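> Take a look at the following structure, please.
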Amino acid sequence: MDASLLTIQPASPEPIYRQIVEQLRRLIAGGQLAAGDLLPSVREVAAFHAINPMTVSRAYGMAESEGLLERLRGKGMAVAATTRPTQTQAQRLALLEPQLQALARHARELELPSDAVLRRLGRLLEP
Amino acid sequence: MNAQLAPAAVDTTSPLSVAGLRHSYPDGEVLRGVDLALAPGSVLGLIGRNGAGKSTLIRAMLGLLEPAAGEARVFGQPALRMDDQAKARLAYVPQQPEALGWLTATQLLDYVGRFYPGWDARFAGKTLERWKIPPNKLLAKLSPGERQRVDLIRALASQPELLVLDEPAAALDPVARRELLREVALRAGESGTTVLFSTHIVSDLERIASDIAFLHEGKLLLHCAADDTKERFARLWLPAAMSAAAPAAALSRRRHEDGSLSLVVERDERGQWPEASRLTGARVDALGLEDLFVEVAE
């Protein structure tokens, strides 16, 4: 994986370490990163994005403790081999939680009845 | 210099600290009791509006002015009586560079380089070129921006343990600014350099700061970890009908024309937002650093 695969938005209300963890989660869930893929070093990510290396370490540490990444001796961080390729439905749904909350909020602000929103969402979700 | 240094105070572990700092100019009080200590290896972003007292605070922290009250320490030594060894371990880039105008940039860097044991001449030469400084023009003939860039190169090439930058961003174009941020971030993260960086351009700090301090009207409004500014604080909006339920403790409180209220609130020790945020119609918005600063400094 290359450090340029990550997008950092410093001005976002989401702290940078969380932005990194979220992106790793999505890249792994989406299959762009496979088990065993090596991650760029903390220094590479920090230098590429001009961010504090401690922020990158914090993100990697959090991803490691969540089981997304594992530390390979002498090689650095890699996508965990034990990453459950099929996370439970609840786990996958939890990944959508922020977007769902935002959607619910917007719908309330627009005073839209929930059945109308759900109907539209249902249509979007149809294969 | 002085062999009888005062006994170590509480925070000798901090490379740079002040306690109870006050200072006035003829037209009023600029610092009204500031306590601040930087942890080794941290990058503290000092944010404040123009005239908030940032430069005065920095100068007092470094012993370049004698405050009306309070104490400043650098590497544990009183800032006003630092020895030469301590001075060689720190680099300071003021907003108004005080370069020796009769030298060229190359001459200046060759000259000052001799005073620093860890001088990185290769870095100095390379960065002079990358930041497009005419190497053989007299410093007096350079633009203020170019002179500040020479000062930044001098500061970084000395490989300081403590780096103090007062509004460095103004002198740099976006590419050079990014390079400066990268350099500062890597040195803090890898060599343990402690950095104090003042600015009113907060997006620079969001990249590299580990800690943030808001200076407003001579006082620190907030001093916390950079990630905390985004996770621990938020804006709570309450419609007019509910404004009576507003929590008493808020960092700022603003009533809008329609009677609704905006407050900056903090999570409690269990990570919960104040009670009022759970009322129907109430809204909690995450804030970026700039929004948070504008909310609390208004």
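Simple scheme: letters A, B, ... for chains in structure tokens order, numbers from 1 for residues in each chain, numbers from 1 for ligands in the order shown.
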Need the shell around A:Val117: protein/DNA/RNA residues with any atom at most 12 Å away, counting only C-alpha atoms. Skip same-chain ones fewer than 2 positions apart. Format as a tab-separated table (two decimals) with C-alpha atoms, in the first residue's frame?

chain	number	residue	atom	x	y	z
A	100	LEU	CA	-27.14	6.87	9.04
A	103	LEU	CA	-29.15	11.07	7.20
A	104	ALA	CA	-31.67	10.86	10.03
A	105	ARG	CA	-30.73	14.31	11.17
A	106	HIS	CA	-31.09	15.86	7.72
A	107	ALA	CA	-34.44	14.14	7.27
A	108	ARG	CA	-35.67	15.56	10.57
A	110	LEU	CA	-36.33	18.83	6.37
A	111	GLU	CA	-39.38	17.56	8.26
A	112	LEU	CA	-39.65	14.56	5.99
A	113	PRO	CA	-41.87	11.71	7.17
A	114	SER	CA	-39.80	8.64	7.85
A	115	ASP	CA	-41.78	6.33	5.56
A	119	ARG	CA	-39.12	4.18	0.65
A	120	ARG	CA	-36.51	6.18	-1.22
A	121	LEU	CA	-33.65	4.48	0.62
A	122	GLY	CA	-35.23	1.11	-0.09
A	123	ARG	CA	-35.22	1.86	-3.79
A	124	LEU	CA	-31.57	2.94	-3.68
> What are the closest atom pairs, with distances in Å to one decimal, for all residues of chain B lying within 8 Å of chain A? Consider only C-alpha atoms, order rows by chain and residue number, and present the result as a Markdown table.

| residue | atom | partner | partner_atom | distance |
| --- | --- | --- | --- | --- |
| B:Arg178 | CA | A:Ala50 | CA | 6.5 |
| B:Glu179 | CA | A:Ala50 | CA | 7.4 |
| B:Leu181 | CA | A:Ala50 | CA | 5.8 |
| B:Arg182 | CA | A:Ala50 | CA | 4.1 |
| B:Glu183 | CA | A:Ala50 | CA | 7.8 |
| B:Ala185 | CA | A:Asn52 | CA | 4.7 |
| B:Leu186 | CA | A:Pro53 | CA | 6.5 |
| B:Ala188 | CA | A:Asn52 | CA | 7.6 |
| B:Gly189 | CA | A:Pro53 | CA | 5.2 |
| B:Glu190 | CA | A:Pro53 | CA | 7.7 |
| B:Ser203 | CA | A:Ala11 | CA | 5.9 |
| B:Glu206 | CA | A:Pro10 | CA | 5.3 |
| B:Arg207 | CA | A:Ile51 | CA | 4.7 |
| B:Ile208 | CA | A:Asn52 | CA | 4.6 |
| B:Ala209 | CA | A:Asn52 | CA | 7.0 |
| B:Ser210 | CA | A:Asn52 | CA | 7.4 |
| B:Asp227 | CA | A:Pro15 | CA | 5.5 |
| B:Lys230 | CA | A:Pro13 | CA | 5.7 |
| B:Glu231 | CA | A:Pro15 | CA | 7.5 |
| B:Ala286 | CA | A:Pro13 | CA | 5.6 |
| B:Leu287 | CA | A:Pro13 | CA | 5.1 |
| B:Gly288 | CA | A:Pro13 | CA | 4.2 |
| B:Leu289 | CA | A:Ala11 | CA | 7.0 |
| B:Glu290 | CA | A:Ala11 | CA | 7.8 |
> How far is it from atom CA of B:Leu62 to atom CA of B:Gly33, in Å with one decimal?
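Spanning atom CA of B:Leu62 to atom CA of B:Gly33 is a straight-line distance of 16.4 Å.
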> Based on DSSP run over this structure's backbone, return all residues of stretch 110-284 of chain B in strand (DSSP E), as a PyMOL selection string.
chain B and resi 162-166+194-199+211-216+219-225+233-238+252-255+261-266+283-284
> Counting only C-alpha atoms, what is within 9 Å of stretch 12-20 of chain B, bar same-chain residues fewer than 2 positions away, as an MDAnalysis selection string?
chainID B and resid 8:10 22 32:40 60:62 69:77 79 161:162 194 196
> Write out as a VMD selection string the set of residues from stretch 57-161 of chain B that DSSP, computed on the backbone, places in alpha helix (DSSP H).
chain B and resid 57 to 61 84 to 88 105 to 113 121 to 130 144 to 157
> In Å, rounded to a single decimal, give me how far atom CA of B:Ala86 is from atom CA of B:Glu98.
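So the answer is 20.5 Å.
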> May I ask for the distance between atom CA of B:Pro26 and atom CA of B:Leu64, given in Å to one decimal place?
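Straight-line distance from atom CA of B:Pro26 to atom CA of B:Leu64 works out to 18.1 Å.
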> Might you pull out every residue within 9 Å of stretch 254-260 of chain B, with only C-alpha atoms counted and same-chain residues fewer than 5 positions away left off, and present them as number ranges by chain?
B: 237-243, 295
> Would you export the selected residues with all heavy atoms as a PDB file, in the first residue's frame, please?

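That gives us part.pdb:
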ATOM      1  N   TRP B 237     -26.699  23.389  19.763  1.00  0.00           N
ATOM      2  CA  TRP B 237     -27.670  24.394  19.342  1.00  0.00           C
ATOM      3  C   TRP B 237     -29.021  24.046  19.941  1.00  0.00           C
ATOM      4  O   TRP B 237     -29.472  22.904  19.865  1.00  0.00           O
ATOM      5  CB  TRP B 237     -27.734  24.439  17.822  1.00  0.00           C
ATOM      6  CG  TRP B 237     -28.698  25.466  17.298  1.00  0.00           C
ATOM      7  CD1 TRP B 237     -28.460  26.786  17.085  1.00  0.00           C
ATOM      8  CD2 TRP B 237     -30.066  25.245  16.915  1.00  0.00           C
ATOM      9  NE1 TRP B 237     -29.576  27.415  16.610  1.00  0.00           N
ATOM     10  CE2 TRP B 237     -30.583  26.503  16.487  1.00  0.00           C
ATOM     11  CE3 TRP B 237     -30.899  24.128  16.894  1.00  0.00           C
ATOM     12  CZ2 TRP B 237     -31.898  26.653  16.041  1.00  0.00           C
ATOM     13  CZ3 TRP B 237     -32.212  24.276  16.458  1.00  0.00           C
ATOM     14  CH2 TRP B 237     -32.695  25.547  16.033  1.00  0.00           C
ATOM     15  N   LEU B 238     -29.649  25.028  20.566  1.00  0.00           N
ATOM     16  CA  LEU B 238     -30.964  24.813  21.173  1.00  0.00           C
ATOM     17  C   LEU B 238     -31.959  25.811  20.599  1.00  0.00           C
ATOM     18  O   LEU B 238     -31.674  27.014  20.575  1.00  0.00           O
ATOM     19  CB  LEU B 238     -30.886  25.022  22.688  1.00  0.00           C
ATOM     20  CG  LEU B 238     -30.044  24.018  23.478  1.00  0.00           C
ATOM     21  CD1 LEU B 238     -29.891  24.490  24.924  1.00  0.00           C
ATOM     22  CD2 LEU B 238     -30.669  22.637  23.435  1.00  0.00           C
ATOM     23  N   PRO B 239     -33.107  25.339  20.136  1.00  0.00           N
ATOM     24  CA  PRO B 239     -34.117  26.285  19.655  1.00  0.00           C
ATOM     25  C   PRO B 239     -34.605  27.182  20.799  1.00  0.00           C
ATOM     26  O   PRO B 239     -34.456  26.826  21.967  1.00  0.00           O
ATOM     27  CB  PRO B 239     -35.242  25.373  19.145  1.00  0.00           C
ATOM     28  CG  PRO B 239     -34.953  24.016  19.647  1.00  0.00           C
ATOM     29  CD  PRO B 239     -33.527  23.938  20.032  1.00  0.00           C
ATOM     30  N   ALA B 240     -35.176  28.317  20.432  1.00  0.00           N
ATOM     31  CA  ALA B 240     -35.553  29.327  21.421  1.00  0.00           C
ATOM     32  C   ALA B 240     -36.365  28.738  22.575  1.00  0.00           C
ATOM     33  O   ALA B 240     -36.116  29.042  23.744  1.00  0.00           O
ATOM     34  CB  ALA B 240     -36.336  30.447  20.741  1.00  0.00           C
ATOM     35  N   ALA B 241     -37.314  27.866  22.226  1.00  0.00           N
ATOM     36  CA  ALA B 241     -38.221  27.330  23.242  1.00  0.00           C
ATOM     37  C   ALA B 241     -37.470  26.530  24.308  1.00  0.00           C
ATOM     38  O   ALA B 241     -37.965  26.340  25.413  1.00  0.00           O
ATOM     39  CB  ALA B 241     -39.268  26.439  22.571  1.00  0.00           C
ATOM     40  N   MET B 242     -36.298  26.035  23.975  1.00  0.00           N
ATOM     41  CA  MET B 242     -35.578  25.181  24.924  1.00  0.00           C
ATOM     42  C   MET B 242     -34.394  25.870  25.554  1.00  0.00           C
ATOM     43  O   MET B 242     -33.626  25.249  26.282  1.00  0.00           O
ATOM     44  CB  MET B 242     -35.021  23.980  24.189  1.00  0.00           C
ATOM     45  CG  MET B 242     -36.076  22.986  23.851  1.00  0.00           C
ATOM     46  SD  MET B 242     -35.356  21.844  22.699  1.00  0.00           S
ATOM     47  CE  MET B 242     -36.853  21.245  21.994  1.00  0.00           C
ATOM     48  N   SER B 243     -34.229  27.152  25.249  1.00  0.00           N
ATOM     49  CA  SER B 243     -32.974  27.770  25.670  1.00  0.00           C
ATOM     50  C   SER B 243     -32.854  27.831  27.185  1.00  0.00           C
ATOM     51  O   SER B 243     -31.765  27.959  27.724  1.00  0.00           O
ATOM     52  CB  SER B 243     -32.814  29.153  25.026  1.00  0.00           C
ATOM     53  OG  SER B 243     -33.867  29.982  25.427  1.00  0.00           O
ATOM     54  N   GLU B 295     -15.783  30.271  17.776  1.00  0.00           N
ATOM     55  CA  GLU B 295     -16.880  30.231  18.754  1.00  0.00           C
ATOM     56  C   GLU B 295     -16.437  30.745  20.123  1.00  0.00           C
ATOM     57  O   GLU B 295     -17.136  31.516  20.756  1.00  0.00           O
ATOM     58  CB  GLU B 295     -17.412  28.806  18.919  1.00  0.00           C
ATOM     59  CG  GLU B 295     -18.176  28.263  17.712  1.00  0.00           C
ATOM     60  CD  GLU B 295     -19.602  28.807  17.617  1.00  0.00           C
ATOM     61  OE1 GLU B 295     -20.135  29.277  18.638  1.00  0.00           O
ATOM     62  OE2 GLU B 295     -20.155  28.755  16.510  1.00  0.00           O
TER      63      GLU B 295
END
> Could you give me, as a VMD selection string, the residues within 10 Å of B:Val296, counting only C-alpha atoms and dropping anything in the same chain fewer than 3 positions from it?
chain B and resid 214 216 221 to 222 250 to 254 263 to 264 291 to 293
> For those residues, write C-alpha atoms to a file as an mmCIF file, in the first residue's frame.

data_model
loop_
_atom_site.group_PDB
_atom_site.id
_atom_site.type_symbol
_atom_site.label_atom_id
_atom_site.label_comp_id
_atom_site.auth_asym_id
_atom_site.auth_seq_id
_atom_site.Cartn_x
_atom_site.Cartn_y
_atom_site.Cartn_z
ATOM 1 C CA PHE B 214 -5.979 29.386 22.536
ATOM 2 C CA HIS B 216 -7.466 35.383 23.840
ATOM 3 C CA LEU B 221 -8.981 30.013 26.970
ATOM 4 C CA LEU B 222 -8.129 26.413 26.275
ATOM 5 C CA ALA B 250 -20.319 26.243 28.605
ATOM 6 C CA LEU B 251 -17.152 27.653 27.063
ATOM 7 C CA SER B 252 -19.171 30.131 25.096
ATOM 8 C CA ARG B 253 -22.783 31.118 24.752
ATOM 9 C CA ARG B 254 -24.314 33.024 21.894
ATOM 10 C CA LEU B 263 -23.084 26.924 23.128
ATOM 11 C CA VAL B 264 -19.703 25.294 23.091
ATOM 12 C CA ASP B 291 -14.803 26.908 14.174
ATOM 13 C CA LEU B 292 -14.047 26.074 17.786
ATOM 14 C CA PHE B 293 -11.673 28.998 18.039
#
> Measuring atom to atom with only C-alpha atoms, identify which of A:Leu38, A:Leu95, A:Leu33, A:Val56 is nearest to A:Arg73.
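Of A:Leu38, A:Leu95, A:Leu33, A:Val56, the one nearest A:Arg73 is A:Leu38, counting only C-alpha atoms.
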> Let me make sure I understand: among A:Ala29, A:Leu125, A:Ala59, A:Lys75, which one has the smallest atom-to-atom distance to A:Gln91 if we use only C-alpha atoms?
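Of all the options, A:Ala29 lies closest to A:Gln91.
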> List as a ChimeraX atom specification the protein and nucleic acid residues near A:Ala35, meaning an atom at most 6 Å away when only C-alpha atoms are counted, but skip any in the same chain fewer than 3 places from it.
/A:79-81
> How would the residues just chosen look if you wrote them out with C-alpha atoms as a compact mmCIF listing (two decimals), in the first residue's frame?

# COMPACT_ATOMS: atom_id res chain seq x y z
CA VAL A 79 -3.24 -6.09 7.16
CA ALA A 80 -4.07 -8.75 9.73
CA ALA A 81 -4.15 -12.29 8.37
